[in-house]
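File shown: run_11.pdb (PDB, C-alpha atoms).
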```
ATOM      1  CA  MET A   1     -29.843  -9.782 -38.758
ATOM      2  CA  ARG A   2     -31.018 -10.884 -35.304
ATOM      3  CA  ARG A   3     -31.162  -7.941 -32.904
ATOM      4  CA  ALA A   4     -31.919  -7.640 -29.201
ATOM      5  CA  VAL A   5     -31.753  -4.966 -26.534
ATOM      6  CA  CYS A   6     -30.571  -5.163 -22.924
ATOM      7  CA  PRO A   7     -32.174  -2.184 -21.157
ATOM      8  CA  GLY A   8     -31.419  -0.698 -17.757
ATOM      9  CA  SER A   9     -30.202   2.282 -15.807
ATOM     10  CA  PHE A  10     -26.714   0.779 -15.313
ATOM     11  CA  ASP A  11     -25.831   3.204 -12.496
ATOM     12  CA  PRO A  12     -23.242   1.677 -12.496
ATOM     13  CA  ILE A  13     -22.937  -1.393 -14.687
ATOM     14  CA  THR A  14     -22.097  -4.479 -12.596
ATOM     15  CA  ASN A  15     -20.596  -7.881 -13.370
ATOM     16  CA  GLY A  16     -24.163  -9.219 -13.298
ATOM     17  CA  HIS A  17     -25.226  -6.820 -16.063
ATOM     18  CA  LEU A  18     -22.086  -7.641 -17.997
ATOM     19  CA  ASP A  19     -22.800 -11.365 -17.744
ATOM     20  CA  ILE A  20     -26.268 -10.902 -19.272
ATOM     21  CA  ILE A  21     -24.913  -8.654 -22.050
ATOM     22  CA  ALA A  22     -22.151 -11.158 -22.862
ATOM     23  CA  ARG A  23     -24.611 -14.030 -23.017
ATOM     24  CA  ALA A  24     -26.985 -12.026 -25.229
ATOM     25  CA  SER A  25     -24.071 -11.149 -27.537
ATOM     26  CA  ARG A  26     -23.540 -14.866 -28.175
ATOM     27  CA  LEU A  27     -27.213 -15.358 -29.080
ATOM     28  CA  TYR A  28     -27.809 -12.310 -31.287
ATOM     29  CA  ASP A  29     -25.984 -10.702 -34.204
ATOM     30  CA  GLU A  30     -26.408  -7.234 -32.718
ATOM     31  CA  VAL A  31     -27.107  -6.297 -29.099
ATOM     32  CA  TYR A  32     -28.054  -2.812 -28.024
ATOM     33  CA  VAL A  33     -27.447  -1.787 -24.440
ATOM     34  CA  ALA A  34     -30.099   0.863 -23.860
ATOM     35  CA  VAL A  35     -29.281   3.173 -20.974
ATOM     36  CA  MET A  36     -32.498   4.461 -19.491
ATOM     37  CA  ILE A  37     -32.857   8.211 -18.987
ATOM     38  CA  ASN A  38     -35.126   9.008 -16.058
ATOM     39  CA  LYS A  39     -35.134  12.753 -15.387
ATOM     40  CA  ALA A  40     -36.962  12.152 -12.089
ATOM     41  CA  LYS A  41     -34.007  10.210 -10.655
ATOM     42  CA  LYS A  42     -30.596  11.623  -9.867
ATOM     43  CA  GLY A  43     -28.039   8.934 -10.507
ATOM     44  CA  LEU A  44     -24.538   8.652  -9.143
ATOM     45  CA  PHE A  45     -23.192   8.807 -12.697
ATOM     46  CA  GLU A  46     -24.426  11.028 -15.522
ATOM     47  CA  ILE A  47     -25.869   9.252 -18.569
ATOM     48  CA  GLU A  48     -22.770  10.060 -20.656
ATOM     49  CA  GLU A  49     -20.511   8.579 -17.966
ATOM     50  CA  ARG A  50     -22.580   5.389 -17.846
ATOM     51  CA  ILE A  51     -22.465   5.060 -21.622
ATOM     52  CA  GLU A  52     -18.682   5.525 -21.651
ATOM     53  CA  LEU A  53     -18.178   2.952 -18.874
ATOM     54  CA  ILE A  54     -20.405   0.437 -20.652
ATOM     55  CA  ARG A  55     -18.566   0.985 -23.924
ATOM     56  CA  GLU A  56     -15.249   0.404 -22.154
ATOM     57  CA  VAL A  57     -16.319  -2.831 -20.450
ATOM     58  CA  THR A  58     -18.050  -4.221 -23.558
ATOM     59  CA  ALA A  59     -15.257  -3.286 -25.982
ATOM     60  CA  ASP A  60     -14.420  -6.969 -26.528
ATOM     61  CA  TYR A  61     -17.918  -7.599 -27.908
ATOM     62  CA  ALA A  62     -17.892  -6.306 -31.493
ATOM     63  CA  ASN A  63     -21.651  -6.748 -31.825
ATOM     64  CA  VAL A  64     -22.645  -4.605 -28.807
ATOM     65  CA  ARG A  65     -23.895  -1.031 -29.298
ATOM     66  CA  VAL A  66     -24.560   1.357 -26.414
ATOM     67  CA  GLU A  67     -27.151   4.134 -26.599
ATOM     68  CA  ALA A  68     -29.264   6.208 -24.242
ATOM     69  CA  PHE A  69     -33.041   6.231 -24.462
ATOM     70  CA  HIS A  70     -35.869   8.254 -23.038
ATOM     71  CA  GLY A  71     -39.437   7.074 -23.298
ATOM     72  CA  LEU A  72     -40.936   3.714 -24.040
ATOM     73  CA  LEU A  73     -38.534   0.853 -24.647
ATOM     74  CA  VAL A  74     -40.830  -0.486 -27.375
ATOM     75  CA  ASP A  75     -40.331   2.780 -29.300
ATOM     76  CA  PHE A  76     -36.553   2.311 -29.023
ATOM     77  CA  CYS A  77     -37.050  -1.206 -30.402
ATOM     78  CA  LYS A  78     -39.355  -0.101 -33.200
ATOM     79  CA  GLN A  79     -36.949   2.646 -34.351
ATOM     80  CA  ARG A  80     -34.105   0.117 -34.618
ATOM     81  CA  ASP A  81     -36.062  -2.922 -35.824
ATOM     82  CA  ILE A  82     -35.300  -4.838 -32.617
ATOM     83  CA  PRO A  83     -37.758  -7.698 -32.002
ATOM     84  CA  ALA A  84     -36.415  -8.922 -28.647
ATOM     85  CA  ILE A  85     -35.638  -7.610 -25.167
ATOM     86  CA  VAL A  86     -33.195  -9.602 -23.021
ATOM     87  CA  LYS A  87     -33.633  -9.307 -19.262
ATOM     88  CA  GLY A  88     -31.748 -11.019 -16.462
ATOM     89  CA  LEU A  89     -33.782 -12.446 -13.604
ATOM     90  CA  ARG A  90     -32.270 -12.717 -10.134
ATOM     91  CA  ALA A  91     -35.260 -13.897  -8.122
ATOM     92  CA  VAL A  92     -38.992 -14.562  -8.232
ATOM     93  CA  SER A  93     -39.603 -10.928  -7.292
ATOM     94  CA  ASP A  94     -37.855  -9.859 -10.518
ATOM     95  CA  PHE A  95     -40.068 -12.232 -12.494
ATOM     96  CA  ASP A  96     -43.297 -10.814 -11.069
ATOM     97  CA  TYR A  97     -42.402  -7.296 -12.202
ATOM     98  CA  GLU A  98     -40.684  -8.227 -15.469
ATOM     99  CA  LEU A  99     -43.523 -10.486 -16.605
ATOM    100  CA  GLN A 100     -45.954  -7.578 -16.432
ATOM    101  CA  MET A 101     -43.545  -5.401 -18.422
ATOM    102  CA  ALA A 102     -42.985  -8.162 -20.985
ATOM    103  CA  GLN A 103     -46.708  -8.665 -21.481
ATOM    104  CA  MET A 104     -47.289  -4.920 -21.846
ATOM    105  CA  ASN A 105     -44.434  -4.549 -24.330
ATOM    106  CA  ASN A 106     -45.662  -7.491 -26.361
ATOM    107  CA  GLY A 107     -49.219  -6.162 -26.317
ATOM    108  CA  LEU A 108     -48.083  -2.717 -27.478
ATOM    109  CA  THR A 109     -45.841  -3.734 -30.379
ATOM    110  CA  GLY A 110     -45.262  -7.491 -30.463
ATOM    111  CA  VAL A 111     -41.727  -7.211 -29.049
ATOM    112  CA  GLU A 112     -40.758 -10.422 -27.266
ATOM    113  CA  THR A 113     -38.876 -10.615 -23.970
ATOM    114  CA  LEU A 114     -36.297 -13.306 -23.302
ATOM    115  CA  PHE A 115     -35.659 -13.948 -19.610
ATOM    116  CA  VAL A 116     -32.156 -15.152 -18.774
ATOM    117  CA  PRO A 117     -31.530 -16.557 -15.310
ATOM    118  CA  THR A 118     -28.722 -14.714 -13.597
ATOM    119  CA  ASN A 119     -25.508 -16.516 -12.888
ATOM    120  CA  PRO A 120     -25.858 -17.616  -9.220
ATOM    121  CA  THR A 121     -22.654 -15.714  -8.436
ATOM    122  CA  TYR A 122     -24.560 -12.480  -9.133
ATOM    123  CA  SER A 123     -28.045 -13.400  -7.901
ATOM    124  CA  PHE A 124     -27.933 -10.851  -5.062
ATOM    125  CA  LEU A 125     -26.239  -8.099  -7.029
ATOM    126  CA  SER A 126     -27.740  -4.718  -7.887
ATOM    127  CA  SER A 127     -26.325  -1.317  -8.753
ATOM    128  CA  SER A 128     -28.006   0.118  -5.651
ATOM    129  CA  LEU A 129     -26.257  -2.359  -3.365
ATOM    130  CA  VAL A 130     -22.915  -1.745  -5.047
ATOM    131  CA  LYS A 131     -23.263   2.010  -4.548
ATOM    132  CA  GLU A 132     -24.300   1.615  -0.920
ATOM    133  CA  VAL A 133     -21.491  -0.776  -0.020
ATOM    134  CA  ALA A 134     -18.917   1.338  -1.873
ATOM    135  CA  ALA A 135     -20.149   4.530  -0.186
ATOM    136  CA  TRP A 136     -19.490   2.930   3.208
ATOM    137  CA  GLY A 137     -16.011   1.881   2.158
ATOM    138  CA  GLY A 138     -16.807  -1.765   1.474
ATOM    139  CA  ASP A 139     -14.922  -3.808  -1.101
ATOM    140  CA  VAL A 140     -16.939  -4.145  -4.315
ATOM    141  CA  SER A 141     -13.975  -5.075  -6.521
ATOM    142  CA  HIS A 142     -15.431  -8.536  -7.206
ATOM    143  CA  LEU A 143     -18.826  -7.069  -8.185
ATOM    144  CA  VAL A 144     -17.886  -4.571 -10.895
ATOM    145  CA  PRO A 145     -15.345  -4.363 -13.722
ATOM    146  CA  PRO A 146     -12.068  -2.585 -12.822
ATOM    147  CA  GLN A 147     -12.971   0.542 -14.839
ATOM    148  CA  VAL A 148     -16.214   0.863 -12.884
ATOM    149  CA  LEU A 149     -14.408   0.354  -9.575
ATOM    150  CA  ASP A 150     -12.023   3.176 -10.459
ATOM    151  CA  ALA A 151     -14.917   5.451 -11.440
ATOM    152  CA  LEU A 152     -16.800   4.594  -8.238
ATOM    153  CA  ASN A 153     -13.762   5.336  -6.087
ATOM    154  CA  ARG A 154     -13.157   8.665  -7.839
ATOM    155  CA  ARG A 155     -16.803   9.691  -7.571
ATOM    156  CA  LEU A 156     -17.279   8.699  -3.953
ATOM    157  CA  ARG A 157     -14.098  10.489  -2.883
ATOM    158  CA  LYS A 158     -15.450  13.669  -4.498
ATOM    159  CA  ASP A 159     -18.832  13.646  -2.743
TER     160      ASP A 159
END
```

Turn the structure described in the file into structure tokens.
Amino acid sequence: MRRAVCPGSFDPITNGHLDIIARASRLYDEVYVAVMINKAKKGLFEIEERIELIREVTADYANVRVEAFHGLLVDFCKQRDIPAIVKGLRAVSDFDYELQMAQMNNGLTGVETLFVPTNPTYSFLSSSLVKEVAAWGGDVSHLVPPQVLDALNRRLRKD
């Protein structure tokens, strides 16, 4: 069985993330979406909320699994016999950082990284920008799935 992982913080998941996950799901038999746990960062959404949102928006992909992870991504891969990491690249600046990570991961355990160019529609998109625009009342409905938009609106009205 060919397995891959799409890692990230997904705070929140965007249409750009979803595009990469969908494309990976066509290339691999099983795709794990690994939601990074970083205790040093306070996200807008709790890890459990992110996982639930991702499960909702990937429900049409029978081969996608969603799990949280804490620690080294290569350990997540080793525990699940995952030989490949799939990462979307938006710009050259992404490549500079991701190449270093890919080389480190490969050097540590032999895990390969597949870089997928982002759909040009989403080349500017990040979770941080979505949160900022939404917090100021901007329309992000074309940048996130409807479930995420609803969750963003509920959360930002609370704060």

Just so the selection is clear, what residues does the PyMOL selection byres ((chain A and resi 102) around 10) cover here, as an MDAnalysis selection string?
chainID A and resid 85 87 95 97:101 103:108 110:115

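Using only C-alpha atoms, the shortest contact distance between Lys39 of chain A and any of A:Arg26, A:His70, A:Arg2, A:Arg157 is found at A:His70.
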
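The residues returned by the PyMOL selection byres ((chain A and resi 122) around 12) for this structure are Thr14, Asn15, Gly16, His17, Leu18, Asp19, Ile20, Gly88, Leu89, Arg90, Ala91, Pro117, Thr118, Asn119, Pro120, Thr121, Ser123, Phe124, Leu125, Ser126, Ser127, Leu129, Val130, His142, Leu143 and Val144 of chain A.
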
Determine the residue membership of the PyMOL selection byres ((chain A and resi 146) around 12) for the file above and supply it as a PDB file with C-alpha atoms, keeping the file's coordinate frame.
```
ATOM      1  CA  PRO A  12     -23.242   1.677 -12.496  1.00  0.00           C
ATOM      2  CA  ILE A  13     -22.937  -1.393 -14.687  1.00  0.00           C
ATOM      3  CA  THR A  14     -22.097  -4.479 -12.596  1.00  0.00           C
ATOM      4  CA  ASN A  15     -20.596  -7.881 -13.370  1.00  0.00           C
ATOM      5  CA  LEU A  53     -18.178   2.952 -18.874  1.00  0.00           C
ATOM      6  CA  ILE A  54     -20.405   0.437 -20.652  1.00  0.00           C
ATOM      7  CA  GLU A  56     -15.249   0.404 -22.154  1.00  0.00           C
ATOM      8  CA  VAL A  57     -16.319  -2.831 -20.450  1.00  0.00           C
ATOM      9  CA  VAL A 140     -16.939  -4.145  -4.315  1.00  0.00           C
ATOM     10  CA  SER A 141     -13.975  -5.075  -6.521  1.00  0.00           C
ATOM     11  CA  HIS A 142     -15.431  -8.536  -7.206  1.00  0.00           C
ATOM     12  CA  LEU A 143     -18.826  -7.069  -8.185  1.00  0.00           C
ATOM     13  CA  VAL A 144     -17.886  -4.571 -10.895  1.00  0.00           C
ATOM     14  CA  PRO A 145     -15.345  -4.363 -13.722  1.00  0.00           C
ATOM     15  CA  GLN A 147     -12.971   0.542 -14.839  1.00  0.00           C
ATOM     16  CA  VAL A 148     -16.214   0.863 -12.884  1.00  0.00           C
ATOM     17  CA  LEU A 149     -14.408   0.354  -9.575  1.00  0.00           C
ATOM     18  CA  ASP A 150     -12.023   3.176 -10.459  1.00  0.00           C
ATOM     19  CA  ALA A 151     -14.917   5.451 -11.440  1.00  0.00           C
ATOM     20  CA  LEU A 152     -16.800   4.594  -8.238  1.00  0.00           C
ATOM     21  CA  ASN A 153     -13.762   5.336  -6.087  1.00  0.00           C
TER      22      ASN A 153
END
```

Selection: 7 Å around Cys6 of chain A, only C-alpha atoms, excl. self and same-chain fewer than 2 positions, as a ChimeraX atom specification
/A:4,8,21,32-34,85-87

Ranking A:Leu44, A:Ile37, A:Ser93, A:Arg50 by minimum distance to Ala135 of chain A and counting all atoms listed in the file, which one comes first?
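For Ala135 of chain A, the nearest of the given residues is A:Leu44.
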
What are the centre and the three edge lengths of an axis-aligned box that wraps all atoms of segment 53-71 of chain A in the file, given that 6 Å is added to every side, written as AutoDock Vina command-line options and rounded to one decimal in Å?
```
--center_x -26.9 --center_y 0.3 --center_z -25.3 --size_x 37.0 --size_y 27.9 --size_z 25.0
```

Calculate how many Å separate atom CA of Arg3 of chain A from atom CA of Val31 of chain A, rounding to one decimal.
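So the two atoms, atom CA of Arg3 of chain A and atom CA of Val31 of chain A, lie 5.8 Å apart.
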
Kindly indicate which residue among A:Val92, A:Val5, A:Tyr61, A:Ile47 lies nearest to Val74 of chain A, using only C-alpha atoms for the distances.
A:Val5

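With atom CA of Gly43 of chain A on one side and atom CA of Glu30 of chain A on the other, the separation reads 27.5 Å.
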
Closest to Leu27 of chain A among A:Cys77, A:Val116, A:Val66, A:Leu156, using only C-alpha atoms?
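For Leu27 of chain A, the nearest of the candidates is A:Val116.
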
Give the answer as one residue: which of A:Arg55, A:Tyr28, A:Asn38, A:Leu72 has the shortest atom-to-atom distance to Met1 of chain A, using all atoms listed in the file?
A:Tyr28

Coordinate excerpt as an mmCIF file, in the first residue's frame: segment 11-40 of chain A, N, CA and C atoms:
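Final output, saved to out17.cif:
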```
data_model
loop_
_atom_site.group_PDB
_atom_site.id
_atom_site.type_symbol
_atom_site.label_atom_id
_atom_site.label_comp_id
_atom_site.auth_asym_id
_atom_site.auth_seq_id
_atom_site.Cartn_x
_atom_site.Cartn_y
_atom_site.Cartn_z
ATOM 1 N N ASP A 11 -4.675 25.767 10.734
ATOM 2 C CA ASP A 11 -5.405 26.621 11.684
ATOM 3 C C ASP A 11 -5.917 27.879 11.019
ATOM 4 N N PRO A 12 -6.939 27.786 10.178
ATOM 5 C CA PRO A 12 -7.735 26.627 9.786
ATOM 6 C C PRO A 12 -7.264 26.063 8.448
ATOM 7 N N ILE A 13 -7.871 24.930 8.077
ATOM 8 C CA ILE A 13 -7.620 24.369 6.752
ATOM 9 C C ILE A 13 -8.212 25.318 5.707
ATOM 10 N N THR A 14 -7.501 25.517 4.609
ATOM 11 C CA THR A 14 -7.947 26.400 3.531
ATOM 12 C C THR A 14 -8.208 25.579 2.266
ATOM 13 N N ASN A 15 -8.748 26.238 1.247
ATOM 14 C CA ASN A 15 -8.936 25.570 -0.040
ATOM 15 C C ASN A 15 -7.590 25.176 -0.656
ATOM 16 N N GLY A 16 -6.546 25.917 -0.351
ATOM 17 C CA GLY A 16 -5.208 25.554 -0.829
ATOM 18 C C GLY A 16 -4.740 24.244 -0.220
ATOM 19 N N HIS A 17 -4.911 24.099 1.099
ATOM 20 C CA HIS A 17 -4.570 22.829 1.760
ATOM 21 C C HIS A 17 -5.392 21.691 1.156
ATOM 22 N N LEU A 18 -6.680 21.955 1.014
ATOM 23 C CA LEU A 18 -7.589 20.926 0.518
ATOM 24 C C LEU A 18 -7.216 20.483 -0.893
ATOM 25 N N ASP A 19 -6.764 21.412 -1.710
ATOM 26 C CA ASP A 19 -6.320 21.081 -3.061
ATOM 27 C C ASP A 19 -5.127 20.122 -3.026
ATOM 28 N N ILE A 20 -4.168 20.379 -2.159
ATOM 29 C CA ILE A 20 -2.990 19.508 -2.052
ATOM 30 C C ILE A 20 -3.396 18.131 -1.532
ATOM 31 N N ILE A 21 -4.252 18.088 -0.531
ATOM 32 C CA ILE A 21 -4.720 16.807 0.025
ATOM 33 C C ILE A 21 -5.467 16.006 -1.042
ATOM 34 N N ALA A 22 -6.333 16.659 -1.792
ATOM 35 C CA ALA A 22 -7.091 15.980 -2.848
ATOM 36 C C ALA A 22 -6.163 15.415 -3.911
ATOM 37 N N ARG A 23 -5.174 16.191 -4.292
ATOM 38 C CA ARG A 23 -4.232 15.718 -5.314
ATOM 39 C C ARG A 23 -3.405 14.555 -4.790
ATOM 40 N N ALA A 24 -2.982 14.628 -3.532
ATOM 41 C CA ALA A 24 -2.228 13.516 -2.930
ATOM 42 C C ALA A 24 -3.103 12.264 -2.854
ATOM 43 N N SER A 25 -4.393 12.432 -2.576
ATOM 44 C CA SER A 25 -5.285 11.276 -2.452
ATOM 45 C C SER A 25 -5.457 10.537 -3.777
ATOM 46 N N ARG A 26 -5.207 11.219 -4.885
ATOM 47 C CA ARG A 26 -5.266 10.559 -6.193
ATOM 48 C C ARG A 26 -3.965 9.819 -6.512
ATOM 49 N N LEU A 27 -2.884 10.186 -5.843
ATOM 50 C CA LEU A 27 -1.578 9.584 -6.109
ATOM 51 C C LEU A 27 -1.225 8.429 -5.170
ATOM 52 N N TYR A 28 -1.843 8.422 -3.983
ATOM 53 C CA TYR A 28 -1.488 7.441 -2.960
ATOM 54 C C TYR A 28 -2.728 6.663 -2.519
ATOM 55 N N ASP A 29 -2.497 5.438 -2.067
ATOM 56 C CA ASP A 29 -3.589 4.592 -1.585
ATOM 57 C C ASP A 29 -4.151 5.102 -0.261
ATOM 58 N N GLU A 30 -3.256 5.640 0.570
ATOM 59 C CA GLU A 30 -3.661 6.153 1.877
ATOM 60 C C GLU A 30 -2.903 7.447 2.154
ATOM 61 N N VAL A 31 -3.641 8.477 2.529
ATOM 62 C CA VAL A 31 -3.041 9.781 2.832
ATOM 63 C C VAL A 31 -3.420 10.170 4.253
ATOM 64 N N TYR A 32 -2.391 10.425 5.041
ATOM 65 C CA TYR A 32 -2.605 10.923 6.396
ATOM 66 C C TYR A 32 -2.475 12.441 6.372
ATOM 67 N N VAL A 33 -3.416 13.108 6.999
ATOM 68 C CA VAL A 33 -3.290 14.539 7.243
ATOM 69 C C VAL A 33 -2.858 14.634 8.700
ATOM 70 N N ALA A 34 -1.626 15.064 8.906
ATOM 71 C CA ALA A 34 -1.054 15.139 10.248
ATOM 72 C C ALA A 34 -1.151 16.574 10.746
ATOM 73 N N VAL A 35 -1.937 16.767 11.779
ATOM 74 C CA VAL A 35 -2.153 18.091 12.349
ATOM 75 C C VAL A 35 -1.111 18.317 13.435
ATOM 76 N N MET A 36 -0.248 19.281 13.180
ATOM 77 C CA MET A 36 0.863 19.553 14.074
ATOM 78 C C MET A 36 0.387 20.132 15.402
ATOM 79 N N ILE A 37 0.919 19.591 16.493
ATOM 80 C CA ILE A 37 0.666 20.139 17.824
ATOM 81 C C ILE A 37 1.912 20.907 18.242
ATOM 82 N N ASN A 38 1.741 22.202 18.429
ATOM 83 C CA ASN A 38 2.846 23.050 18.892
ATOM 84 C C ASN A 38 2.360 23.766 20.145
ATOM 85 N N LYS A 39 2.765 23.258 21.296
ATOM 86 C CA LYS A 39 2.306 23.809 22.580
ATOM 87 C C LYS A 39 2.728 25.260 22.763
ATOM 88 N N ALA A 40 3.770 25.692 22.053
ATOM 89 C CA ALA A 40 4.266 27.062 22.192
ATOM 90 C C ALA A 40 3.364 28.075 21.483
#
```
